[in-house]
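Here's the structure, in structure tokens; my notes come after.
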Amino acid sequence: MIKPYLKQINDVYFINERIKEINKYYYLFYNIIKNRYEVHDISKGRNSLCLTLKNYPTSKIIEQLIKTNTKNIKTLMNEIEAHNKKIEKNKQSKTFDKANEMFKEIMTFAQSKNQSLSREDIQKIIRN
């Protein structure tokens, strides 16, 4: 059921027709309450909202809908997984760099004193 505050868009760029090529139940609306464009999957009933846009829709909406379409979920999940691995690798690299810095600082301190450091001395340096 289409809500009364949603006005169907028939645009000069035929975006509404193009999104139906992705899913025949997709429709482009303008939400007059929230002042935004929305794509709804009318086969979903009450929870039909798929995508929101602040500005007038462009061809990028087609790319976004294709990317997020359930048919492409495996590709999307692979992209998310690759992104998460990249974040984790960055975190590990930063941790390694910090540990390496601390080790160099400990070694510099030990060499300046011409002595070996006890475990307690090393822990004090790490805490600071």
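Chain lettering (A, B, ...) mirrors the order of the structure tokens, residue numbering begins at 1 for each chain separately, and ligand numbering begins at 1 in order of display.
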Quiz prompt | Residues flagged strand (DSSP E or B) by DSSP in chain A, as a ChimeraX atom specification | solution = /A:6-8,26-31,36-41,49-53
Quiz prompt | Within 9 Å of Leu53 in chain A using only C-alpha atoms, minus same-chain residues under 6 positions, as an NGL selection string | solution = :A and (36-39 or 61)
Self-check item: Nearest residue to Ile15 in chain A from the set A:Cys50, A:Ala82, A:Leu65, A:Met107 (distances using only C-alpha atoms)
Solution: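 Among A:Cys50, A:Ala82, A:Leu65, A:Met107, it is A:Leu65 that comes nearest to Ile15 in chain A.
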Practice problem: Could you give me, as a ChimeraX atom specification, the residues within 7 Å of Ile42 in chain A, counting only C-alpha atoms and dropping anything in the same chain fewer than 2 positions from it? | Solution: /A:25-26,40,44-45,48
Quiz item: Which polymer residues have any atom within 12 Å of an atom of Glu105 in chain A, counting only C-alpha atoms, with same-chain residues fewer than 6 positions away left out, as a PyMOL selection string?
Solution: chain A and resi 98-99+111-112+122+124-126+128
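When only C-alpha atoms are used to measure the gap to Ile62 in chain A, the shortest distance among A:Asn23, A:Thr108, A:Gln123, A:Gln8 belongs to A:Asn23.
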Practice problem: Among the residues of chain A, find those DSSP assigns to helix (DSSP H, G or I) from the backbone and print them as number ranges by chain. | Solution: A: 15-22, 42-44, 60-68, 70-113, 119-127
Practice problem: To one decimal in Å, tell me the separation between CA of Leu49 in chain A and CA of Val12 in chain A. | Solution: 22.8 Å
Quiz item: Which is closer to Asn47 in chain A than all the others in A:Arg119, A:Arg127, A:Lys3, A:Arg18, using only C-alpha atoms?
Solution: A:Lys3
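Interatomic distance, CA of Asn55 in chain A against CA of Tyr5 in chain A: 17.6 Å.
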Self-check item: Selected residue of minimal separation from Asn35 in chain A among A:Asn16, A:Glu79, A:Thr58, A:Lys7, counting only C-alpha atoms
Solution: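 Counting only C-alpha atoms, the residue closest to Asn35 in chain A is A:Lys7.
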